[in-house]
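Engineer: What follows is a structure written as structure tokens; I'll ask about it next.
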Amino acid sequence: LKGLVTPANAPFHPLDPNFAAKLHFYSYDQKRARKILSSARWQIQKDGIRSKDGRRLSIDFIASNSPTRRKIVRFLTESWRQIGVELKPVFYNSSQELSKRLRRANFSGMIMYSWRMEVDYPLAFLFHSRSIPSVYNQYQGENTTRWVNISIDKSTTELKRAYDFDLRRRLISVVAEEYTKELPFLPLFFRSSYAIAHDKLKGFFVAGHQYPSS
């Protein structure tokens, strides 16, 4: 993406004041990936794709039909094939249909999606097990990965009642550390926002989140 975005290793941007935990990042390591797959008895076949017990290592990859998403899917498809994994792209023109499938877990394989998260976003909406979309909440929960983690539930619940800045950072660090250990989803990048202002305009600044300020 020509350096216009920031690679993501966690749900928090490196410039976010809550990005305080010593997180475990995963480097791009095809050699290690091949070793892990081989140790799990996924063996390379003549066409370069792995299989085990007669089952081909082929994964549906669902995404919206936008130029940027198609480029990402093409890059990931080529990269994963180099380690013996076949990605089968499935594109949807309707973002509503994609969102519906995501919230109802009506898909197989992987699905690519994005969201906006302002500074100090209520993390319970994203990660608490009660926020898993279901018929009981009219599929409105934001925990679309259906991640269930007792430590996350406890920390995000305490965050609702915590006003002390240092305490909030410690609780958010727990969330970040648990995330990097379990990886309920794989982050790709943070979008960058740009603003052009006349040099005579005073009092304008870029807020650093989705809400412009002046």
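Note on naming: chains are A, B, ... as they come in the structure tokens, residues start from 1 per chain, ligands start from 1 in the order shown.
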Name all residues at most 7 Å from Arg104 of chain A (count only C-alpha atoms; drop same-chain ones fewer than 2 positions away) and give them as a PDB file with N, CA, C and O atoms, in the first residue's frame.
Structural biologist:
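Okay, this is what ended up in result.pdb:
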```pdb
ATOM      1  N   LYS A 100     -23.554  -9.112   7.505  1.00  0.00           N
ATOM      2  CA  LYS A 100     -24.539 -10.079   8.002  1.00  0.00           C
ATOM      3  C   LYS A 100     -23.906 -11.448   8.193  1.00  0.00           C
ATOM      4  O   LYS A 100     -24.128 -12.116   9.220  1.00  0.00           O
ATOM      5  N   ARG A 101     -23.104 -11.876   7.229  1.00  0.00           N
ATOM      6  CA  ARG A 101     -22.427 -13.170   7.345  1.00  0.00           C
ATOM      7  C   ARG A 101     -21.443 -13.173   8.502  1.00  0.00           C
ATOM      8  O   ARG A 101     -21.310 -14.166   9.218  1.00  0.00           O
ATOM      9  N   LEU A 102     -20.739 -12.055   8.684  1.00  0.00           N
ATOM     10  CA  LEU A 102     -19.767 -11.959   9.773  1.00  0.00           C
ATOM     11  C   LEU A 102     -20.463 -12.058  11.121  1.00  0.00           C
ATOM     12  O   LEU A 102     -20.045 -12.832  11.995  1.00  0.00           O
ATOM     13  N   ASN A 106     -21.857 -16.911   9.421  1.00  0.00           N
ATOM     14  CA  ASN A 106     -22.372 -17.684   8.297  1.00  0.00           C
ATOM     15  C   ASN A 106     -21.334 -17.710   7.176  1.00  0.00           C
ATOM     16  O   ASN A 106     -21.534 -17.158   6.092  1.00  0.00           O
ATOM     17  N   PRO A 133     -22.159 -11.491  18.865  1.00  0.00           N
ATOM     18  CA  PRO A 133     -23.462 -11.349  18.196  1.00  0.00           C
ATOM     19  C   PRO A 133     -24.273 -12.642  18.287  1.00  0.00           C
ATOM     20  O   PRO A 133     -23.754 -13.732  18.041  1.00  0.00           O
ATOM     21  N   TYR A 139     -28.035  -9.733  17.182  1.00  0.00           N
ATOM     22  CA  TYR A 139     -26.794  -9.758  16.402  1.00  0.00           C
ATOM     23  C   TYR A 139     -26.104  -8.390  16.357  1.00  0.00           C
ATOM     24  O   TYR A 139     -25.457  -8.044  15.375  1.00  0.00           O
TER      25      TYR A 139
END
```
Engineer: Identify, on the basis of only C-alpha atoms, every residue whose closest approach to Arg191 of chain A does not exceed 8 Å; exclude the query and any residue fewer than 6 positions from it along the same chain; express the result as a list in words.
Structural biologist: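 So the residues in contact are Leu4, Val5 and Thr6 of chain A.
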Engineer: Quick check for you: according to DSSP on this backbone, which residues of segment 43-165 of chain A are classed as strand (DSSP E)? Reply as a PyMOL selection string.
Structural biologist: chain A and resi 43-44+50-52+55-56+58-64+86-92+110-111
Engineer: Could you take the residues named above and write them with N, CA and C atoms, as a JSON list (two decimals), in the first residue's frame?
Structural biologist:
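Listing of selection.json after writing:
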```json
[["chain", "number", "residue", "atom", "x", "y", "z"],
["A", 43, "GLN", "N", 1.46, -32.38, 4.42],
["A", 43, "GLN", "CA", 2.55, -32.65, 3.50],
["A", 43, "GLN", "C", 2.31, -32.02, 2.13],
["A", 44, "ILE", "N", 3.40, -31.50, 1.55],
["A", 44, "ILE", "CA", 3.34, -30.86, 0.23],
["A", 44, "ILE", "C", 3.03, -31.91, -0.84],
["A", 50, "ARG", "N", -0.54, -28.38, 0.36],
["A", 50, "ARG", "CA", -0.43, -29.43, 1.36],
["A", 50, "ARG", "C", -1.75, -30.19, 1.52],
["A", 51, "SER", "N", -1.64, -31.39, 2.04],
["A", 51, "SER", "CA", -2.83, -32.18, 2.37],
["A", 51, "SER", "C", -2.50, -33.11, 3.52],
["A", 52, "LYS", "N", -3.54, -33.58, 4.21],
["A", 52, "LYS", "CA", -3.39, -34.51, 5.31],
["A", 52, "LYS", "C", -4.61, -35.40, 5.37],
["A", 55, "ARG", "N", -7.24, -34.75, 2.91],
["A", 55, "ARG", "CA", -7.91, -33.44, 2.94],
["A", 55, "ARG", "C", -6.93, -32.35, 2.50],
["A", 56, "ARG", "N", -7.33, -31.58, 1.52],
["A", 56, "ARG", "CA", -6.50, -30.53, 0.95],
["A", 56, "ARG", "C", -6.53, -29.30, 1.87],
["A", 58, "SER", "N", -7.04, -26.13, 1.91],
["A", 58, "SER", "CA", -7.64, -25.08, 1.09],
["A", 58, "SER", "C", -8.65, -24.31, 1.94],
["A", 59, "ILE", "N", -8.56, -22.98, 1.93],
["A", 59, "ILE", "CA", -9.37, -22.14, 2.81],
["A", 59, "ILE", "C", -10.09, -21.08, 2.00],
["A", 60, "ASP", "N", -11.41, -20.97, 2.16],
["A", 60, "ASP", "CA", -12.16, -19.88, 1.55],
["A", 60, "ASP", "C", -11.76, -18.56, 2.22],
["A", 61, "PHE", "N", -11.58, -17.52, 1.41],
["A", 61, "PHE", "CA", -11.18, -16.21, 1.92],
["A", 61, "PHE", "C", -12.19, -15.18, 1.40],
["A", 62, "ILE", "N", -13.07, -14.73, 2.29],
["A", 62, "ILE", "CA", -14.16, -13.84, 1.91],
["A", 62, "ILE", "C", -13.76, -12.38, 2.15],
["A", 63, "ALA", "N", -14.09, -11.52, 1.20],
["A", 63, "ALA", "CA", -13.77, -10.10, 1.32],
["A", 63, "ALA", "C", -14.72, -9.29, 0.45],
["A", 64, "SER", "N", -14.74, -7.98, 0.69],
["A", 64, "SER", "CA", -15.54, -7.11, -0.15],
["A", 64, "SER", "C", -14.83, -6.90, -1.48],
["A", 86, "GLU", "N", -3.60, -23.11, 0.17],
["A", 86, "GLU", "CA", -4.40, -22.55, -0.91],
["A", 86, "GLU", "C", -5.52, -21.67, -0.34],
["A", 87, "LEU", "N", -5.53, -20.39, -0.74],
["A", 87, "LEU", "CA", -6.64, -19.50, -0.40],
["A", 87, "LEU", "C", -7.55, -19.37, -1.62],
["A", 88, "LYS", "N", -8.85, -19.53, -1.38],
["A", 88, "LYS", "CA", -9.83, -19.43, -2.46],
["A", 88, "LYS", "C", -10.66, -18.17, -2.25],
["A", 89, "PRO", "N", -10.36, -17.08, -2.99],
["A", 89, "PRO", "CA", -11.06, -15.81, -2.79],
["A", 89, "PRO", "C", -12.54, -15.89, -3.13],
["A", 90, "VAL", "N", -13.35, -15.25, -2.29],
["A", 90, "VAL", "CA", -14.79, -15.10, -2.53],
["A", 90, "VAL", "C", -15.12, -13.63, -2.26],
["A", 91, "PHE", "N", -15.53, -12.88, -3.29],
["A", 91, "PHE", "CA", -15.77, -11.46, -3.15],
["A", 91, "PHE", "C", -17.26, -11.16, -3.14],
["A", 92, "TYR", "N", -17.64, -10.20, -2.29],
["A", 92, "TYR", "CA", -19.03, -9.75, -2.19],
["A", 92, "TYR", "C", -19.11, -8.27, -2.55],
["A", 110, "MET", "N", -11.99, -17.93, 6.19],
["A", 110, "MET", "CA", -11.63, -16.63, 6.74],
["A", 110, "MET", "C", -12.46, -15.53, 6.10],
["A", 111, "ILE", "N", -12.59, -14.42, 6.83],
["A", 111, "ILE", "CA", -13.30, -13.25, 6.31],
["A", 111, "ILE", "C", -12.51, -12.01, 6.68]]
```
Engineer: Show me a table, sorted first by chain and then by increasing residue number, of the residues of segment 146-187 of chain A having an atom at most 10 Å from segment 112-119 of chain A, each with its shortest atom pair and the distance in Å to one decimal, counting only C-alpha atoms and written as CSV.
Structural biologist:
```
residue,atom,partner,partner_atom,distance
A:Phe185,CA,A:Met112,CA,9.7
A:Leu186,CA,A:Met112,CA,9.4
A:Pro187,CA,A:Ser114,CA,9.3
```
Engineer: Measure the distance from atom CA of Arg32 of chain A to atom CA of Ile152 of chain A in Å and round it to one decimal.
Structural biologist: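 Interatomic distance, atom CA of Arg32 of chain A to atom CA of Ile152 of chain A: 29.1 Å.
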Engineer: As an exercise, work out the distance from atom CA of Arg146 of chain A to atom CA of Ile132 of chain A in Å and give it to one decimal place.
Structural biologist: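 Atom-to-atom, atom CA of Arg146 of chain A to atom CA of Ile132 of chain A, that is 5.4 Å.
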Engineer: Mind giving me the straight-line distance from atom CA of Gly48 of chain A to atom CA of Ile83 of chain A in Å, one decimal?
Structural biologist: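 Value for the atom CA of Gly48 of chain A-atom CA of Ile83 of chain A distance: 8.4 Å.
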Engineer: Please report, as a PyMOL selection string, each residue of segment 8-212 of chain A to which DSSP assigns helix (DSSP H, G or I) when run on this structure's backbone.
Structural biologist: chain A and resi 30-39+67-81+95-103+123-127+129-131+135-137+150-161+165-182
Engineer: Which residues come within 9 Å of Gly141 of chain A, counting only C-alpha atoms, excluding same-chain residues fewer than 6 positions away, as a PyMOL selection string?
Structural biologist: chain A and resi 103+125-126+130-134
Engineer: Could you write those residues out with N, CA and C atoms, as a CSV table (one decimal), in the first residue's frame?
Structural biologist:
```
chain,number,residue,atom,x,y,z
A,103,ARG,N,-21.5,-11.3,11.3
A,103,ARG,CA,-22.2,-11.3,12.6
A,103,ARG,C,-22.9,-12.6,12.9
A,125,PHE,N,-17.2,-3.7,24.4
A,125,PHE,CA,-18.0,-3.9,23.2
A,125,PHE,C,-17.4,-4.7,22.2
A,126,LEU,N,-16.0,-4.7,22.2
A,126,LEU,CA,-15.3,-5.4,21.2
A,126,LEU,C,-14.9,-6.8,21.6
A,130,ARG,N,-20.0,-11.3,26.3
A,130,ARG,CA,-21.4,-10.9,26.2
A,130,ARG,C,-21.7,-10.1,24.9
A,131,SER,N,-20.6,-9.6,24.3
A,131,SER,CA,-20.8,-8.9,23.1
A,131,SER,C,-20.7,-9.7,21.8
A,132,ILE,N,-20.7,-11.0,22.0
A,132,ILE,CA,-20.7,-11.9,20.8
A,132,ILE,C,-22.1,-11.8,20.2
A,133,PRO,N,-22.2,-11.5,18.9
A,133,PRO,CA,-23.5,-11.3,18.2
A,133,PRO,C,-24.3,-12.6,18.3
A,134,SER,N,-25.5,-12.5,18.7
A,134,SER,CA,-26.4,-13.7,18.8
A,134,SER,C,-27.8,-13.2,18.7
```
Engineer: Could you list, with a cut-off of 8 Å and counting only C-alpha atoms, the residues of segment 149-212 of chain A near segment 10-14 of chain A, each shown with its nearest atom pair and the distance in Å rounded to one decimal, rows sorted by chain and ascending number, as a tab-separated table?
Structural biologist:
```
residue	atom	partner	partner_atom	distance
A:Ala176	CA	A:Ala10	CA	6.9
A:Tyr179	CA	A:Ala10	CA	7.4
A:Thr180	CA	A:Ala10	CA	6.8
A:Pro187	CA	A:Ala10	CA	6.5
A:Phe190	CA	A:His13	CA	7.1
```
Engineer: Using the selection just defined, write its residues with N, CA and C atoms as an mmCIF file, in the first residue's frame.
Structural biologist:
```cif
data_model
loop_
_atom_site.group_PDB
_atom_site.id
_atom_site.type_symbol
_atom_site.label_atom_id
_atom_site.label_comp_id
_atom_site.auth_asym_id
_atom_site.auth_seq_id
_atom_site.Cartn_x
_atom_site.Cartn_y
_atom_site.Cartn_z
ATOM 1 N N ALA A 176 -4.361 -6.289 25.780
ATOM 2 C CA ALA A 176 -3.402 -6.375 24.678
ATOM 3 C C ALA A 176 -2.540 -7.626 24.769
ATOM 4 N N TYR A 179 -4.545 -10.678 23.942
ATOM 5 C CA TYR A 179 -4.802 -10.710 22.499
ATOM 6 C C TYR A 179 -3.611 -11.277 21.737
ATOM 7 N N THR A 180 -2.402 -10.783 22.042
ATOM 8 C CA THR A 180 -1.234 -11.238 21.288
ATOM 9 C C THR A 180 -0.892 -12.696 21.577
ATOM 10 N N PRO A 187 -4.659 -8.790 12.736
ATOM 11 C CA PRO A 187 -4.748 -7.405 12.252
ATOM 12 C C PRO A 187 -3.834 -7.191 11.052
ATOM 13 N N PHE A 190 -3.330 -0.087 10.073
ATOM 14 C CA PHE A 190 -4.114 1.085 10.463
ATOM 15 C C PHE A 190 -4.095 2.065 9.301
#
```
Engineer: Rank nothing, just name the residue among A:Asp153, A:Glu177, A:Glu78, A:Asp47 nearest to Phe25 of chain A, using only C-alpha atoms.
Structural biologist: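 Among the listed residues, the smallest separation from Phe25 of chain A belongs to A:Glu177.
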Engineer: For Glu158 of chain A, please output as a ChimeraX atom specification all residues within 10 Å (counting only C-alpha atoms; exclusion window: fewer than 6 positions along the same chain).
Structural biologist: /A:124,152,167-168,171
Engineer: With C-alpha atoms retained, export the selected residues as an mmCIF file, in the first residue's frame.
Structural biologist:
```
data_model
loop_
_atom_site.group_PDB
_atom_site.id
_atom_site.type_symbol
_atom_site.label_atom_id
_atom_site.label_comp_id
_atom_site.auth_asym_id
_atom_site.auth_seq_id
_atom_site.Cartn_x
_atom_site.Cartn_y
_atom_site.Cartn_z
ATOM 1 C CA ALA A 124 -16.055 -4.520 26.402
ATOM 2 C CA ILE A 152 -10.600 -10.347 29.086
ATOM 3 C CA LEU A 167 -5.259 1.738 36.328
ATOM 4 C CA ARG A 168 -6.879 1.964 32.915
ATOM 5 C CA LEU A 171 -6.185 -3.109 32.448
#
```
Engineer: May I have the residues within 6 Å of Val85 of chain A as a ChimeraX atom specification, using only C-alpha atoms and disregarding those fewer than 4 positions away in the same chain?
Structural biologist: /A:49,57,80-81
Engineer: Would you write out those residues with N, CA, C and O atoms, as a compact mmCIF listing (two decimals), in the first residue's frame?
Structural biologist:
```txt
# COMPACT_ATOMS: atom_id res chain seq x y z
N ILE A 49 0.42 -27.65 -2.97
CA ILE A 49 -0.50 -27.44 -1.86
C ILE A 49 -0.43 -28.64 -0.92
O ILE A 49 -0.31 -29.78 -1.34
N LEU A 57 -5.37 -28.63 2.06
CA LEU A 57 -5.29 -27.45 2.90
C LEU A 57 -5.73 -26.23 2.07
O LEU A 57 -4.93 -25.43 1.60
N TRP A 80 0.65 -17.16 0.89
CA TRP A 80 0.29 -18.41 1.57
C TRP A 80 0.55 -19.62 0.67
O TRP A 80 0.85 -20.71 1.18
N ARG A 81 0.44 -19.43 -0.63
CA ARG A 81 0.73 -20.56 -1.53
C ARG A 81 2.20 -20.98 -1.43
O ARG A 81 2.54 -22.14 -1.60
```
Engineer: Counting only C-alpha atoms, figure out which residue out of A:Leu183, A:Leu123, A:Ala8, A:Leu188 gets nearest to Leu159 of chain A.
Structural biologist: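 Going through A:Leu183, A:Leu123, A:Ala8, A:Leu188 one by one, the smallest distance to Leu159 of chain A is for A:Leu123.
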Engineer: Taking only C-alpha atoms into account, name the residue in A:Gln82, A:Ser66, A:Asn143, A:Asn9 that is nearest to Lys31 of chain A.
Structural biologist: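 For Lys31 of chain A, the nearest of the given residues is A:Gln82.
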